[in-house]
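Asks: Sharing target02.csv, CSV, C-alpha atoms and all ligand atoms:
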chain,number,residue,atom,x,y,z
A,1,MET,CA,149.4,113.6,108.9
A,2,ALA,CA,148.5,110.4,110.8
A,3,SER,CA,151.3,109.2,112.9
A,4,SER,CA,151.1,105.7,111.4
A,5,HIS,CA,152.3,107.0,108.0
A,6,PRO,CA,155.9,106.5,107.2
A,7,PRO,CA,157.9,109.7,107.3
A,8,THR,CA,157.5,111.5,104.1
A,9,SER,CA,160.5,112.8,102.2
A,10,ASN,CA,158.5,115.6,100.7
A,11,SER,CA,158.9,118.6,102.9
A,12,ASN,CA,155.8,120.3,101.4
A,13,ILE,CA,153.5,117.7,103.0
A,14,PRO,CA,152.9,118.4,106.6
A,15,ASP,CA,154.2,115.8,109.1
A,16,TYR,CA,154.0,116.0,112.9
A,17,GLU,CA,157.0,117.4,114.8
A,18,TYR,CA,155.2,116.7,118.1
A,19,LEU,CA,152.3,114.2,117.8
A,20,ASP,CA,148.9,116.0,118.0
A,21,VAL,CA,150.6,119.3,118.8
A,22,ASN,CA,152.3,120.8,115.8
A,23,THR,CA,153.7,120.0,112.4
A,24,LYS,CA,157.2,120.5,111.0
A,25,PRO,CA,157.6,123.7,109.0
A,26,PHE,CA,156.2,123.6,105.5
A,27,HIS,CA,155.5,126.1,102.7
A,28,ILE,CA,151.8,126.9,102.4
A,29,GLY,CA,151.8,127.6,98.7
A,30,SER,CA,153.7,124.4,97.9
A,31,PHE,CA,151.3,122.4,100.1
A,32,ARG,CA,148.4,123.8,98.1
A,33,ASN,CA,150.1,122.7,94.9
A,34,GLU,CA,150.6,119.2,96.2
A,35,TRP,CA,146.8,119.0,96.7
A,36,LEU,CA,146.0,120.5,93.4
A,37,ASN,CA,148.4,118.0,91.6
A,38,ARG,CA,146.7,115.0,93.3
A,39,LEU,CA,143.0,116.1,93.0
A,40,LYS,CA,140.8,116.3,89.9
A,41,PRO,CA,139.3,119.8,89.4
A,42,SER,CA,135.9,118.3,90.0
A,43,ASP,CA,137.0,117.3,93.5
A,44,TYR,CA,137.4,120.9,94.7
A,45,SER,CA,134.8,122.5,92.3
A,46,TYR,CA,131.9,124.4,93.8
A,47,GLN,CA,129.6,123.0,91.1
A,48,ARG,CA,127.4,120.1,92.3
A,49,ASP,CA,126.7,117.2,90.1
A,50,ASP,CA,123.1,116.9,89.2
A,51,ASP,CA,121.3,114.0,90.9
A,52,ASP,CA,121.4,111.7,87.9
A,53,THR,CA,125.2,112.1,87.4
A,54,PHE,CA,125.8,111.7,91.1
A,55,ASP,CA,123.8,108.5,91.2
A,56,ALA,CA,125.5,107.1,88.1
A,57,ASN,CA,129.0,107.9,89.6
A,58,PHE,CA,128.0,106.4,93.0
A,59,MET,CA,126.8,103.2,91.4
A,60,LYS,CA,130.0,102.8,89.4
A,61,GLU,CA,132.2,103.6,92.4
A,62,MET,CA,130.4,101.2,94.8
A,63,GLY,CA,129.7,98.6,92.1
A,64,VAL,CA,125.9,98.4,92.8
A,65,GLY,CA,123.0,98.1,90.4
A,66,ALA,CA,120.1,100.4,89.9
A,67,GLU,CA,117.8,98.3,92.1
A,68,THR,CA,120.2,98.5,95.1
A,69,MET,CA,120.7,102.2,94.5
A,70,ALA,CA,117.0,102.8,94.7
A,71,GLU,CA,116.7,100.8,97.9
A,72,LEU,CA,119.6,102.6,99.5
A,73,LYS,CA,118.1,105.9,98.6
A,74,SER,CA,114.8,105.1,100.2
A,75,ILE,CA,116.3,103.7,103.4
A,76,CYS,CA,118.8,106.6,103.8
A,77,SER,CA,116.2,109.3,102.9
A,78,PRO,CA,115.5,111.8,105.6
A,79,ASP,CA,111.8,110.9,105.1
A,80,SER,CA,112.5,107.6,106.9
A,81,LEU,CA,113.7,109.4,110.0
A,82,ARG,CA,110.2,109.6,111.5
A,83,CYS,CA,109.1,109.2,115.1
A,84,HIS,CA,105.5,109.9,114.5
A,85,PRO,CA,102.7,108.2,112.5
A,86,GLU,CA,102.8,108.6,108.7
A,87,GLY,CA,100.7,111.6,107.5
A,88,GLN,CA,100.9,113.3,110.9
A,89,GLN,CA,102.7,116.6,110.9
A,90,PRO,CA,104.4,117.1,114.4
A,91,ASP,CA,105.2,120.4,116.0
A,92,THR,CA,108.9,120.8,115.4
A,93,GLU,CA,109.4,123.0,118.5
A,94,LEU,CA,107.9,120.4,120.8
A,95,VAL,CA,110.3,117.8,122.2
A,96,PRO,CA,108.4,114.6,123.2
A,97,PRO,CA,108.7,113.8,126.9
A,98,GLU,CA,110.5,110.5,126.4
A,99,PRO,CA,112.3,110.6,123.1
A,100,MET,CA,114.0,107.6,121.6
A,101,LEU,CA,115.8,109.4,118.8
A,102,GLN,CA,119.4,110.4,119.8
A,103,THR,CA,119.0,113.9,118.3
A,104,LEU,CA,115.8,114.4,120.4
A,105,ILE,CA,117.4,113.0,123.5
A,106,GLN,CA,120.3,115.5,123.2
A,107,ARG,CA,117.9,118.3,122.5
A,108,LYS,CA,115.8,117.5,125.5
A,109,LYS,CA,118.9,117.3,127.7
A,110,ARG,CA,119.9,120.8,126.6
A,111,GLN,CA,116.4,122.1,127.1
A,112,ASP,CA,116.2,120.7,130.6
A,113,HIS,CA,119.7,122.0,131.5
A,114,ARG,CA,118.7,125.5,130.3
A,115,ALA,CA,115.5,125.4,132.3
A,116,ASN,CA,117.4,124.4,135.4
A,117,GLN,CA,120.0,127.1,134.9
A,118,LYS,CA,117.4,129.7,134.2
A,119,MET,CA,119.8,130.8,131.4
A,120,SER,CA,118.6,132.5,128.4
A,121,LYS,CA,120.8,133.4,125.5
A,122,ASN,CA,122.2,136.9,125.8
A,123,ARG,CA,122.4,139.2,122.8
A,124,HIS,CA,126.1,138.3,122.1
A,125,ASP,CA,125.4,134.6,121.8
A,126,LEU,CA,122.3,135.2,119.7
A,127,TYR,CA,124.3,137.4,117.4
A,128,ALA,CA,127.1,134.8,117.1
A,129,ASP,CA,124.6,132.2,116.1
A,130,GLU,CA,123.0,134.5,113.5
A,131,LEU,CA,126.5,135.3,112.1
A,132,GLU,CA,127.1,131.6,111.6
A,133,ARG,CA,123.8,131.1,109.9
A,134,LEU,CA,124.5,134.0,107.6
A,135,ILE,CA,127.9,132.8,106.3
A,136,VAL,CA,127.5,129.1,105.7
A,137,GLY,CA,127.7,128.5,102.0
A,138,ARG,CA,127.2,132.2,101.3
A,139,LYS,CA,127.7,133.2,97.7
A,140,PRO,CA,128.8,136.8,96.7
A,141,GLU,CA,126.4,139.1,94.8
A,142,SER,CA,129.0,139.6,92.1
A,143,THR,CA,131.0,136.7,90.6
A,144,ALA,CA,134.1,138.9,90.8
A,145,ASP,CA,134.0,138.5,94.6
A,146,ILE,CA,133.9,134.7,94.7
A,147,ILE,CA,136.8,132.9,96.3
A,148,PRO,CA,138.5,131.0,93.5
A,149,GLU,CA,138.2,127.3,93.4
A,150,GLY,CA,141.4,125.7,94.8
A,151,GLU,CA,142.1,128.6,97.1
A,152,ILE,CA,143.6,127.9,100.5
A,153,VAL,CA,141.6,128.6,103.6
A,154,LEU,CA,143.5,129.1,106.9
A,155,THR,CA,142.0,129.0,110.4
A,156,ILE,CA,143.9,131.4,112.7
A,157,ASN,CA,143.5,131.6,116.4
A,158,VAL,CA,144.6,134.8,118.2
A,159,TYR,CA,145.1,134.8,121.9
A,160,TYR,CA,145.0,137.8,124.3
A,161,PRO,CA,147.9,138.6,126.5
A,162,ILE,CA,147.4,137.1,130.0
A,163,THR,CA,147.2,140.1,132.3
A,164,SER,CA,146.0,138.5,135.4
A,165,GLU,CA,147.2,135.2,137.1
A,166,ARG,CA,143.6,134.6,138.0
A,167,ILE,CA,142.4,134.5,134.4
A,168,ASN,CA,144.6,131.9,132.8
A,169,THR,CA,142.5,130.4,130.1
A,170,SER,CA,144.0,128.9,127.0
A,171,ARG,CA,140.9,129.8,124.9
A,172,PRO,CA,141.7,131.9,121.9
A,173,HIS,CA,140.3,135.4,122.0
A,174,MET,CA,139.3,135.2,118.4
A,175,SER,CA,139.3,132.8,115.5
A,176,LEU,CA,139.5,133.9,111.9
A,177,LEU,CA,139.3,132.4,108.5
A,178,MET,CA,141.6,133.9,105.9
A,179,THR,CA,142.7,132.8,102.4
A,180,GLY,CA,146.1,132.1,101.1
A,181,SER,CA,146.0,135.4,99.1
A,182,HIS,CA,145.5,137.6,102.2
A,183,SER,CA,148.5,139.5,103.4
A,184,LEU,CA,149.8,139.5,107.0
A,185,ALA,CA,148.8,143.2,107.1
A,186,GLU,CA,145.2,142.2,106.6
A,187,LEU,CA,145.5,139.9,109.6
A,188,ARG,CA,147.0,142.7,111.6
A,189,ASP,CA,144.0,144.9,110.8
A,190,ALA,CA,141.6,142.2,111.7
A,191,ILE,CA,143.0,141.7,115.2
A,192,CYS,CA,141.0,143.7,117.7
A,193,CYS,CA,143.0,144.6,120.8
A,194,VAL,CA,142.1,147.2,123.3
A,195,SER,CA,145.7,148.5,123.6
A,196,ASP,CA,145.2,150.0,120.2
A,197,LEU,CA,142.4,152.2,121.6
A,198,GLN,CA,144.1,153.6,124.7
A,199,VAL,CA,144.5,157.3,125.1
A,200,CYS,CA,147.7,158.3,126.9
A,201,GLY,CA,147.9,161.2,129.3
A,202,GLU,CA,146.7,162.7,132.6
A,203,PHE,CA,143.6,164.9,132.1
A,204,SER,CA,142.3,165.8,135.6
A,205,ASN,CA,142.4,169.5,134.9
A,206,THR,CA,140.9,169.3,131.5
A,207,PRO,CA,138.7,166.1,131.2
A,208,ASP,CA,136.9,167.5,128.2
A,209,LEU,CA,140.1,167.8,126.3
A,210,ALA,CA,141.0,164.1,126.5
A,211,PRO,CA,141.9,163.6,122.8
A,212,ASP,CA,139.9,161.4,120.4
A,213,PHE,CA,143.0,160.0,118.7
A,214,ILE,CA,144.0,156.6,119.9
A,215,SER,CA,147.2,154.6,120.2
A,216,LYS,CA,146.5,152.9,116.9
A,217,ASP,CA,146.8,156.2,115.1
A,218,LEU,CA,149.9,157.3,117.0
A,219,PHE,CA,152.0,154.1,117.2
A,220,LYS,CA,151.5,152.1,114.0
A,221,SER,CA,154.5,149.8,114.2
A,222,SER,CA,153.9,146.2,114.8
A,223,PHE,CA,155.3,142.8,113.7
A,224,PHE,CA,154.5,139.1,113.3
A,225,PHE,CA,157.2,136.6,114.0
A,226,PHE,CA,157.0,133.3,112.1
A,227,GLU,CA,159.9,130.8,111.8
A,228,GLY,CA,162.8,133.2,112.5
A,229,VAL,CA,161.4,136.0,110.3
A,230,PHE,CA,160.0,139.3,111.6
A,231,TYR,CA,157.3,140.6,109.4
A,232,ASN,CA,157.0,144.4,110.1
A,233,ASP,CA,154.2,146.7,109.3
A,234,MET,CA,155.8,149.4,107.2
A,235,ARG,CA,152.7,150.7,105.4
A,236,PHE,CA,152.8,154.2,106.9
A,237,PRO,CA,155.7,156.8,107.0
A,238,GLU,CA,155.4,156.7,110.8
A,239,CYS,CA,156.1,153.0,111.0
A,240,GLN,CA,159.4,151.9,112.5
A,241,ASP,CA,161.2,148.6,112.2
A,242,ILE,CA,160.6,147.6,115.8
A,243,SER,CA,162.2,144.2,115.3
A,244,LYS,CA,165.7,145.7,114.7
A,245,THR,CA,166.6,145.8,118.4
A,246,THR,CA,165.8,142.1,118.8
A,247,ILE,CA,167.6,141.1,115.6
A,248,GLU,CA,170.8,143.0,116.7
A,249,TRP,CA,170.6,141.7,120.2
A,250,ALA,CA,170.4,138.1,118.9
A,251,LYS,CA,173.3,138.8,116.4
A,252,ALA,CA,175.6,140.1,119.2
A,253,ARG,CA,175.0,136.9,121.2
A,254,ASN,CA,175.5,134.4,118.4
A,255,TYR,CA,171.9,133.2,118.2
A,256,PRO,CA,170.8,131.9,114.8
A,257,ALA,CA,170.3,134.9,112.5
A,258,PHE,CA,166.8,136.3,112.3
A,259,THR,CA,165.6,138.0,109.2
A,260,GLN,CA,162.9,140.6,108.4
A,261,ALA,CA,160.3,141.3,105.7
A,262,LYS,CA,157.3,143.5,105.3
A,263,MET,CA,153.9,142.2,106.4
A,264,GLU,CA,152.1,144.0,103.7
A,265,ASP,CA,154.2,142.3,101.0
A,266,THR,CA,153.8,138.8,102.5
A,267,ARG,CA,150.8,136.6,101.6
A,268,PHE,CA,150.0,133.5,103.6
A,269,MET,CA,150.8,131.5,100.5
A,270,ASP,CA,154.4,132.7,100.7
A,271,LEU,CA,154.8,131.7,104.4
A,272,THR,CA,156.7,128.7,105.7
A,273,ILE,CA,155.0,127.8,109.1
A,274,LYS,CA,154.2,125.0,111.4
A,275,VAL,CA,150.5,124.2,112.0
A,276,GLY,CA,149.6,124.2,115.7
A,277,PHE,CA,152.7,126.2,116.7
A,278,PRO,CA,152.4,129.4,118.7
A,279,TYR,CA,153.8,132.4,116.9
A,280,LEU,CA,153.9,136.0,117.9
A,281,TYR,CA,152.1,139.2,117.1
A,282,CYS,CA,153.4,142.3,118.8
A,283,HIS,CA,152.1,145.9,118.7
A,284,GLN,CA,152.0,149.0,120.8
A,285,GLY,CA,155.6,148.3,121.8
A,286,ASP,CA,154.9,145.4,124.2
A,287,CYS,CA,151.4,144.1,123.7
A,288,GLU,CA,152.1,140.5,122.7
A,289,HIS,CA,149.6,138.0,121.3
A,290,LEU,CA,150.0,134.4,120.4
A,291,VAL,CA,148.9,133.5,116.9
A,292,ILE,CA,148.3,129.8,116.1
A,293,ILE,CA,147.4,128.6,112.6
A,294,THR,CA,145.3,125.5,113.4
A,295,ASP,CA,144.2,124.4,110.0
A,296,ILE,CA,145.0,124.8,106.3
A,297,ARG,CA,142.8,123.4,103.7
A,298,LEU,CA,141.2,124.0,100.3
A,299,ALA,CA,138.1,126.1,100.0
A,300,HIS,CA,134.9,124.1,99.9
A,301,LYS,CA,131.5,124.9,98.3
A,302,SER,CA,129.9,125.0,101.8
A,303,ASP,CA,132.4,127.7,102.9
A,304,CYS,CA,131.4,131.4,102.9
A,305,LEU,CA,132.5,132.1,99.3
A,306,ASP,CA,132.2,135.9,99.4
A,307,LYS,CA,135.7,137.4,99.4
A,308,LYS,CA,134.4,140.7,100.8
A,309,LEU,CA,133.5,139.0,104.1
A,310,TYR,CA,137.1,137.9,104.8
A,311,PRO,CA,139.0,137.9,107.1
A,312,LEU,CA,136.0,136.0,108.4
A,313,LEU,CA,135.5,136.1,112.2
A,314,ILE,CA,134.1,132.7,113.2
A,315,ARG,CA,134.5,133.0,117.0
A,316,LYS,CA,135.2,135.8,119.5
A,317,ASP,CA,135.6,135.4,123.2
A,318,ARG,CA,133.7,137.9,125.3
A,319,LEU,CA,135.8,139.7,127.8
A,320,LEU,CA,134.6,140.7,131.2
A,321,THR,CA,133.9,144.4,131.4
A,322,GLN,CA,135.0,146.4,134.5
A,323,LYS,CA,132.2,148.4,136.0
A,324,CYS,CA,132.4,151.7,137.7
A,325,THR,CA,133.3,151.4,141.4
A,326,VAL,CA,130.5,153.8,142.5
A,327,CYS,CA,127.4,152.8,140.5
A,328,HIS,CA,128.5,149.3,139.5
A,329,LEU,CA,126.3,149.9,136.5
A,330,PHE,CA,128.2,151.6,133.7
A,331,ILE,CA,131.5,150.5,132.2
A,332,GLY,CA,134.6,152.3,133.5
A,333,ARG,CA,135.8,155.3,131.5
A,334,TRP,CA,138.3,157.0,133.9
A,335,PHE,CA,140.7,155.8,136.5
A,336,THR,CA,142.2,158.0,139.1
A,337,THR,CA,145.2,157.8,141.4
A,338,ASN,CA,146.2,159.8,144.5
A,339,ASP,CA,142.4,160.5,144.8
A,340,GLN,CA,141.1,161.5,148.2
A,341,TYR,CA,137.5,160.7,147.1
A,342,ALA,CA,138.2,157.2,145.9
A,343,PRO,CA,137.9,154.0,148.0
A,344,SER,CA,140.9,152.4,146.2
A,345,ASP,CA,144.0,153.5,144.4
A,346,PRO,CA,143.8,153.3,141.4
A,347,CYS,CA,140.0,153.6,141.1
A,348,LEU,CA,137.7,153.1,138.2
A,349,PHE,CA,134.7,155.5,137.4
A,350,CYS,CA,132.2,155.8,134.7
A,351,ASP,CA,132.0,159.2,133.1
A,352,LYS,CA,128.9,160.3,135.0
A,353,CYS,CA,130.2,159.3,138.5
A,354,PHE,CA,133.7,160.6,137.7
A,355,ARG,CA,132.4,164.1,136.9
A,356,ALA,CA,129.8,164.2,139.7
A,357,LEU,CA,132.4,163.4,142.3
A,358,HIS,CA,135.4,165.3,141.1
A,359,TYR,CA,134.0,168.6,139.6
A,360,ASP,CA,131.6,171.3,140.7
A,361,ALA,CA,128.6,172.4,138.6
A,362,ALA,CA,130.8,174.9,136.8
A,363,GLY,CA,133.3,172.1,135.9
A,364,ASN,CA,136.0,173.2,138.4
A,365,LYS,CA,138.2,170.5,139.7
A,366,LEU,CA,137.6,169.6,143.4
A,367,GLY,CA,140.6,168.6,145.4
A,368,GLU,CA,143.8,166.8,144.3
A,369,PHE,CA,143.8,163.7,142.1
A,370,LEU,CA,145.2,162.4,138.8
A,371,ALA,CA,142.8,161.2,136.1
A,372,TYR,CA,143.5,159.0,133.1
A,373,PRO,CA,141.1,158.0,130.3
A,374,TYR,CA,140.4,154.2,130.5
A,375,VAL,CA,139.3,152.0,127.6
A,376,ASP,CA,137.7,148.8,128.8
A,377,GLN,CA,139.0,145.5,127.4
A,378,GLY,CA,135.3,144.6,126.6
A,379,ALA,CA,135.2,147.5,124.1
A,380,PHE,CA,135.1,144.9,121.2
A,381,ASN,CA,132.3,142.8,122.7
B,401,ZN,ZN,147.4,143.8,121.9
B,402,ZN,ZN,129.3,155.1,137.8
Step by step, read the file and then write its structure as structure tokens.
Ligand SMILES: [Zn+2]
Ligand SMILES: [Zn+2]

Replies:
Amino acid sequence: MASSHPPTSNSNIPDYEYLDVNTKPFHIGSFRNEWLNRLKPSDYSYQRDDDDTFDANFMKEMGVGAETMAELKSICSPDSLRCHPEGQQPDTELVPPEPMLQTLIQRKKRQDHRANQKMSKNRHDLYADELERLIVGRKPESTADIIPEGEIVLTINVYYPITSERINTSRPHMSLLMTGSHSLAELRDAICCVSDLQVCGEFSNTPDLAPDFISKDLFKSSFFFFEGVFYNDMRFPECQDISKTTIEWAKARNYPAFTQAKMEDTRFMDLTIKVGFPYLYCHQGDCEHLVIITDIRLAHKSDCLDKKLYPLLIRKDRLLTQKCTVCHLFIGRWFTTNDQYAPSDPCLFCDKCFRALHYDAAGNKLGEFLAYPYVDQGAFN
């Protein structure tokens, strides 16, 4: 994909449309075939050559003799990366006060920075690190669950709708790894969005009756939009084709024709897309997320090879939680309007403060106000 390459006539090989931004459209399955045609099976095999075979191949490829090979191996060995006298076992937790080694210099910088900031890792970051450690090169328990050699792995970034002008970051809300055999419906199920959890309705008279069912169970329709095609979720009888209005609107105004397909029948392998280009995921009527496929490659032996762990979450942004206006301690569960007890309109309360302020001991409503269940955007933290 380097810009210096002459333009390729093969449309299955990605080429930039805008340099360093996005590619021209290409078919993912055909792109994979281009790779498989050019590589030897050993190139993408998960099996590692044993050391002797590796050495023999290396010597042949580099044109060096056994003596040079032995010398190279000893110089490049991790054992030669020593900053302490031979035979002495240093404390690996202890960073020397004036390190010379770049890795130690960087580690010391980080350590000093932390100490100054008085920052310690919170449980979310700790967990994220642990997750990463658990998945690298992970093999499944059963061979039936292994990602086949030569499978495509996609990196997908999902962005949250921007709800406030103040918070205008371009960081993805979540990054996922998926394989070419996954369907778009599996991507839809992997996207966590708080608007799927909302409970609709006013419950000031009957706060205990706020239903447990959530928008996701009620309004199941959604679509992805890739390269002029709407991929609708039609898995359940309640699902509607919510792309129809847009398609008909475009048709009536002589826009290029859009088409539609089912997301559950479409695998990534079947898609024609541009890498780096923002596409759309829309659910709950008007909750819109940008979806960007940032990378497509063959699976590697150091990937997580357990099929069951995919779609694999590799990064998730933590969203700020909104605390109760009264106690500033617990996360908001209710918001009220036209509320004589509230300092603002609308006003957010945790369940405890909401009930203590608005109902007597017998649970009778005090005064006039309207109350709506609230699900915080940090629910998925
Ligand atoms: Zn959403
Ligand atoms: Zn509270």

Asks: Could you tell me how far atom ZN of ligand ZN 402 (chain B) sits from CA of Leu329 (chain A), in Å to one decimal place?

Replies: 6.1 Å

Asks: Would you please work out which residue, of A:Gln260, A:Ser183, A:Asn22, A:Gln284, is nearest to ligand ZN 401 (chain B) when using only C-alpha atoms and all ligand atoms?

Replies: A:Gln284

Asks: When distances are computed from all atoms listed in the file, which of A:Lys220, A:Arg355, A:His328, A:Arg32 shows the smallest separation from Glu238 (chain A)?

Replies: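 Ranking A:Lys220, A:Arg355, A:His328, A:Arg32 by distance to Glu238 (chain A), first place goes to A:Lys220.
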
Asks: When distances are computed from all atoms listed in the file, which of A:Cys304, A:Ala342, A:Val275, A:Leu348 shows the smallest separation from Leu19 (chain A)?

Replies: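 Going through A:Cys304, A:Ala342, A:Val275, A:Leu348 one by one, the smallest distance to Leu19 (chain A) is for A:Val275.
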
Asks: Write as a ChimeraX atom specification the residues around ligand ZN 402 (chain B), taking 7 Å as the cut-off and counting all atoms listed in the file.

Replies: /A:324-330,349-353

Asks: Select from chain A every residue with an atom at most 12 Å from any atom of ligand ZN 401 (chain B), then for each give the shortest pair of atoms and their distance in Å to one decimal, using all atoms listed in the file, rows by chain and rising number, as a Markdown table.

Replies:
| residue | atom | partner | partner_atom | distance |
| --- | --- | --- | --- | --- |
| A:Val158 | CA | B:ZN401 | ZN | 10.1 |
| A:Tyr159 | CA | B:ZN401 | ZN | 9.3 |
| A:Tyr160 | CA | B:ZN401 | ZN | 6.9 |
| A:Pro161 | CA | B:ZN401 | ZN | 7.0 |
| A:Ile162 | CA | B:ZN401 | ZN | 10.5 |
| A:Thr163 | CA | B:ZN401 | ZN | 11.0 |
| A:His173 | CA | B:ZN401 | ZN | 11.0 |
| A:Arg188 | CA | B:ZN401 | ZN | 10.4 |
| A:Asp189 | CA | B:ZN401 | ZN | 11.7 |
| A:Ala190 | CA | B:ZN401 | ZN | 11.8 |
| A:Ile191 | CA | B:ZN401 | ZN | 8.3 |
| A:Cys192 | CA | B:ZN401 | ZN | 7.7 |
| A:Cys193 | CA | B:ZN401 | ZN | 4.6 |
| A:Val194 | CA | B:ZN401 | ZN | 6.5 |
| A:Ser195 | CA | B:ZN401 | ZN | 5.3 |
| A:Asp196 | CA | B:ZN401 | ZN | 6.8 |
| A:Leu197 | CA | B:ZN401 | ZN | 9.8 |
| A:Gln198 | CA | B:ZN401 | ZN | 10.7 |
| A:Ser215 | CA | B:ZN401 | ZN | 10.9 |
| A:Lys216 | CA | B:ZN401 | ZN | 10.4 |
| A:Ser222 | CA | B:ZN401 | ZN | 9.9 |
| A:Phe223 | CA | B:ZN401 | ZN | 11.4 |
| A:Leu280 | CA | B:ZN401 | ZN | 10.9 |
| A:Tyr281 | CA | B:ZN401 | ZN | 8.1 |
| A:Cys282 | CA | B:ZN401 | ZN | 6.9 |
| A:His283 | CA | B:ZN401 | ZN | 6.1 |
| A:Gln284 | CA | B:ZN401 | ZN | 7.0 |
| A:Gly285 | CA | B:ZN401 | ZN | 9.4 |
| A:Asp286 | CA | B:ZN401 | ZN | 8.0 |
| A:Cys287 | CA | B:ZN401 | ZN | 4.4 |
| A:Glu288 | CA | B:ZN401 | ZN | 5.8 |
| A:His289 | CA | B:ZN401 | ZN | 6.2 |
| A:Leu290 | CA | B:ZN401 | ZN | 9.9 |
| A:Val291 | CA | B:ZN401 | ZN | 11.5 |
| A:Gln377 | CA | B:ZN401 | ZN | 10.2 |
